[in-house]
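This report refers to the structure that appears directly beneath it.
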Amino acid sequence: MNAFERYLPQIIKSLKATYGTDFFNSLTLQLNQVIGADYTFIAKLDAKRNTSRTISLVAKGEVLDNFEYSLHNTPCADVSGDAVCIHPQNISLLYPDDLLLVEMGIEGYIGTPLQDSEGCVTGIVVALYKNKIEDADFIASLFELFSGRISAEIEREEKQQQLTKLNATLEEKVQHRTAELSDSIENLLFTQDQLIEQEKMASLGGLVAGVAHEINTPLGVAVLSSSIIKETLFKLSAQLNKNTLSKSELENGLHKIKEIERSMSQNLSKAATLVRSFKQVAVDSNNDDLATLDLTLWLSGLVASLKPTLSNQNITIATKLPNKKLRFITYPAHLSQVITNIVSNCAMHAFDQCQASHIHQIQITLKTQKSGVLLSIGDNGMGITEDIKRHMFEPFYTTKRGKGGTGLGLSIVNNIVKSALNGELIVHSSAAQGTTFELYLPSRV
Ligand SMILES: Nc1ncnc2c1ncn2[C@@H]1O[C@H](COP(=O)(O)OP(=O)(O)OP(=O)(O)O)[C@@H](O)[C@H]1O
Ligand SMILES: [Mg+2]
């Protein structure tokens with residue numbers, strides 16, 4: 001049995017399933033023992049710095065600490081130049097400037113290059129002897145035999161390190177991006193809140209401007225009336241003091257005051273009515289108690305109460321209601337206000353431009369729906385243009401400014417339906433068929 005046959009199976013077995021530092025140390029220990037070298041090591045080369053750093057170093061059957069050395073003037077430099085380097089003896093004489101070799105009293109040197117998968121020399125396996133090497137060829141062949149496996153392990157380890165590093169940077173990047181993303185989301189939410197706030201302020205501003213505008217006229221008349229009354233009273237009392245007030249002057253003065261006072265109280269009560277309707281814009285459910293209704297019956301009653309006013313305006317109102325009781329829980333005052341507003345809108349706006357022969361009709365339909373009802377209120381009038389449709393729910397939007405409209409009706413309807421009644425409101429309109437308001441209302445329990 002030759003030396004190969006004797007040692008190989010044992011070395012190969014011991015390397016099974018070992019990786020990295022364990023693999024290098026285990027192999028160096030075995031090789032060191034088999035070849036009887038004083039020092040055996042595996043080292044990685046750094047071509048840029050012209051240095052070599054051991055990754056496993058064994059002496060006298062022991063693993064020693066790794067170290068780095070310069071390749072300058074060493075036999076290792078020749079190995080790294082892609083050649084096996086065998087010097088059975090006199091190595092210190094051949095490389096007198098390699099002080100380490102000289103100091104260690106090294107006599108024999110065998111070095112084998114390690115090539116990576118692209119053929120570049122990335123490391124070396126070296127055996128150092130203090131005596132002359134007897135079986136140099138066997139040692140060189142053994143080194144060459146394992147060089148491929150060592151190179152592969154060096155490469156694998158480097159790839160592994162790169163991968164770990166890459167993973168770490170990737171994780172760092174992901175964390176960074178996640179932080180950036182959550183910052184952006186936070187900013188976005190902040191901006192959204194700001195926009196909502198701005199929108200609220202803008203509509204509040206519009207509301208205040210509208211309120212001011214509407215109240216200004218009656219209040220202005222009232223203020224003017226009051227100053228005229230004051231002036232008239234002042235004149236009368238001055239004349240009275242001077243004893244120059246005639247009966248007819250007194251009667252005229254009193255008549256004027258009476259007239260102006262009437263206009264003043266009319267305008268003040270108009271202002272008071274406006275304030276009452278403004279208050280309804282902000283729907284307050286506390287003003288209305290929840291009640292369980294038979295909605296069919298309740299609706300018939302409401303329609304009956306609207307009929308006389310409508311018939312005075314030559315408008316007929318018809319209903320299509322279910323033939324049975326319909327138990328429904330809602331805020332009746334709010335619901336009544338919604339229906340009344342929509343119906344009075346039909347009466348006030350829908351038939352403005354209709355021909356005299358046109359039969360003005362309003363139709364109310366009630367259908368049950370999943371957990372609620374669908375209430376449609378429609379007219380066969382002139383319809384609503386897209387432009388009006390866009391604005392009609394805004395407070396104070398009216399096409400009848402100065403002709404009895406304040407533009408609060410639909411804004412109140414919208415508020416009540418959406419907040420107090422928790423429902424939805426859709427408008428369908430066409431010039432040919434008129435306008436229908438569809439209310440989906442859930443039962444409140
Ligand atoms: N059935 C309808 N047909 C045609 N136009 C309508 C109808 N209902 C509402 N409109 C239009 O929508 C506008 C807004 O209605 P909204 O009820 O808010 O105000 P208004 O009726 O003008 O005034 P207010 O209700 O305060 O007396 C109306 O001015 C009108 O132009
Ligand atoms: Mg109205």
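Residues are referred to by chain and number: the chain letter is A, B, ... according to the order shown in the structure tokens, the number counts from 1 in that chain, and ligands are numbered separately from 1 in the order shown.
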Expected selection as JSON, numbers by chain for ligand 1 within 6 Å, only C-alpha atoms and all ligand atoms: {"A": [345, 346, 349, 350, 383, 384, 392, 393, 397, 398, 399, 400, 405, 406, 407, 408, 409, 410, 411, 435]}
Please produce a file of the residues just selected, as a PDB file, in the first residue's frame, where the atoms kept are N, CA and C atoms.
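File produced: selection_10.pdb:
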ATOM      1  N   ASN A 345     -89.641  72.227  -3.216  1.00  0.00           N
ATOM      2  CA  ASN A 345     -88.712  72.579  -4.300  1.00  0.00           C
ATOM      3  C   ASN A 345     -89.332  72.266  -5.651  1.00  0.00           C
ATOM      4  N   CYS A 346     -89.974  71.088  -5.740  1.00  0.00           N
ATOM      5  CA  CYS A 346     -90.620  70.719  -7.006  1.00  0.00           C
ATOM      6  C   CYS A 346     -91.632  71.812  -7.366  1.00  0.00           C
ATOM      7  N   HIS A 349     -89.664  75.198  -8.200  1.00  0.00           N
ATOM      8  CA  HIS A 349     -88.705  75.325  -9.304  1.00  0.00           C
ATOM      9  C   HIS A 349     -89.050  74.506 -10.556  1.00  0.00           C
ATOM     10  N   ALA A 350     -89.675  73.317 -10.341  1.00  0.00           N
ATOM     11  CA  ALA A 350     -89.745  72.352 -11.449  1.00  0.00           C
ATOM     12  C   ALA A 350     -90.580  72.820 -12.630  1.00  0.00           C
ATOM     13  N   GLY A 383     -86.587  69.655 -15.185  1.00  0.00           N
ATOM     14  CA  GLY A 383     -85.284  69.039 -14.914  1.00  0.00           C
ATOM     15  C   GLY A 383     -84.274  70.043 -14.368  1.00  0.00           C
ATOM     16  N   ILE A 384     -83.090  69.533 -14.025  1.00  0.00           N
ATOM     17  CA  ILE A 384     -82.048  70.397 -13.445  1.00  0.00           C
ATOM     18  C   ILE A 384     -80.810  70.300 -14.326  1.00  0.00           C
ATOM     19  N   MET A 392     -76.243  72.599  -6.250  1.00  0.00           N
ATOM     20  CA  MET A 392     -77.520  72.778  -5.535  1.00  0.00           C
ATOM     21  C   MET A 392     -77.505  72.359  -4.069  1.00  0.00           C
ATOM     22  N   PHE A 393     -76.523  71.519  -3.658  1.00  0.00           N
ATOM     23  CA  PHE A 393     -76.480  71.132  -2.242  1.00  0.00           C
ATOM     24  C   PHE A 393     -75.648  72.102  -1.402  1.00  0.00           C
ATOM     25  N   TYR A 397     -76.965  78.312  -2.251  1.00  0.00           N
ATOM     26  CA  TYR A 397     -77.035  78.289  -3.704  1.00  0.00           C
ATOM     27  C   TYR A 397     -78.505  78.264  -4.097  1.00  0.00           C
ATOM     28  N   THR A 398     -78.942  79.250  -4.825  1.00  0.00           N
ATOM     29  CA  THR A 398     -80.338  79.293  -5.285  1.00  0.00           C
ATOM     30  C   THR A 398     -80.409  79.959  -6.651  1.00  0.00           C
ATOM     31  N   THR A 399     -81.389  79.555  -7.440  1.00  0.00           N
ATOM     32  CA  THR A 399     -81.611  80.249  -8.707  1.00  0.00           C
ATOM     33  C   THR A 399     -82.775  81.229  -8.528  1.00  0.00           C
ATOM     34  N   LYS A 400     -83.239  81.345  -7.274  1.00  0.00           N
ATOM     35  CA  LYS A 400     -84.371  82.244  -7.004  1.00  0.00           C
ATOM     36  C   LYS A 400     -83.977  83.329  -5.997  1.00  0.00           C
ATOM     37  N   GLY A 405     -86.114  82.537  -2.615  1.00  0.00           N
ATOM     38  CA  GLY A 405     -85.174  81.421  -2.332  1.00  0.00           C
ATOM     39  C   GLY A 405     -83.992  81.892  -1.515  1.00  0.00           C
ATOM     40  N   THR A 406     -83.622  81.085  -0.523  1.00  0.00           N
ATOM     41  CA  THR A 406     -82.382  81.416   0.218  1.00  0.00           C
ATOM     42  C   THR A 406     -81.289  80.422  -0.128  1.00  0.00           C
ATOM     43  N   GLY A 407     -81.678  79.292  -0.726  1.00  0.00           N
ATOM     44  CA  GLY A 407     -80.680  78.289  -1.097  1.00  0.00           C
ATOM     45  C   GLY A 407     -80.268  77.402   0.051  1.00  0.00           C
ATOM     46  N   LEU A 408     -81.120  77.327   1.079  1.00  0.00           N
ATOM     47  CA  LEU A 408     -80.757  76.474   2.221  1.00  0.00           C
ATOM     48  C   LEU A 408     -81.471  75.126   2.187  1.00  0.00           C
ATOM     49  N   GLY A 409     -82.583  75.045   1.399  1.00  0.00           N
ATOM     50  CA  GLY A 409     -83.423  73.842   1.419  1.00  0.00           C
ATOM     51  C   GLY A 409     -82.640  72.553   1.215  1.00  0.00           C
ATOM     52  N   LEU A 410     -81.953  72.428   0.080  1.00  0.00           N
ATOM     53  CA  LEU A 410     -81.286  71.158  -0.232  1.00  0.00           C
ATOM     54  C   LEU A 410     -80.069  70.914   0.642  1.00  0.00           C
ATOM     55  N   SER A 411     -79.432  71.985   1.099  1.00  0.00           N
ATOM     56  CA  SER A 411     -78.279  71.760   1.983  1.00  0.00           C
ATOM     57  C   SER A 411     -78.759  71.168   3.307  1.00  0.00           C
ATOM     58  N   THR A 435     -87.322  65.687 -12.502  1.00  0.00           N
ATOM     59  CA  THR A 435     -86.297  65.379 -11.498  1.00  0.00           C
ATOM     60  C   THR A 435     -86.833  64.392 -10.468  1.00  0.00           C
TER      61      THR A 435
END
Nearby residues (only C-alpha atoms) at most 7 Å from Leu114 (chain A), same-chain spacing under 3 positions excluded, as a list of chain:residue names: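 Returned residues: A:Val121, A:Thr122, A:Gly123, A:Ile124, A:Ser147, A:Ser151.
Nearest-residue note for Tyr129 (chain A): choosing from A:Cys354, A:Ala17, A:Ile86, A:Ala152, the minimum distance belongs to A:Ile86, counting only C-alpha atoms.
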In Å, how far is it from CA of Leu163 (chain A) to CA of Thr51 (chain A)?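 Computed distance, CA of Leu163 (chain A) to CA of Thr51 (chain A), equals 25.1 Å.
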Could you check which of A:Ser26, A:Ser443, A:Thr191, A:Thr340 is closest to ligand 2, using only C-alpha atoms and all ligand atoms? A:Thr340
Per-residue DSSP, region 205-427 of chain A, filtered to helix (DSSP H, G or I), as a VMD selection string: chain A and resid 205 to 241 247 to 281 285 to 287 295 to 312 332 to 350 386 to 391 409 to 420
Find the residues near Gln433 (chain A): any atom within 9 Å, counting only C-alpha atoms, skip ones fewer than 4 places away on the same chain, and give them as a short mmCIF file (atom, residue, chain, number, x, y, z; two decimals) with C-alpha atoms, in the first residue's frame.
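What ended up in result.cif:
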data_model
loop_
_atom_site.label_atom_id
_atom_site.label_comp_id
_atom_site.auth_asym_id
_atom_site.auth_seq_id
_atom_site.Cartn_x
_atom_site.Cartn_y
_atom_site.Cartn_z
CA ASP A 379 -91.67 65.68 -10.58
CA ASN A 380 -92.41 65.85 -14.31
CA GLY A 381 -90.95 69.33 -14.60
CA MET A 382 -88.14 70.90 -16.59
CA GLY A 383 -85.28 69.04 -14.91
CA SER A 429 -82.78 64.56 -13.70
#
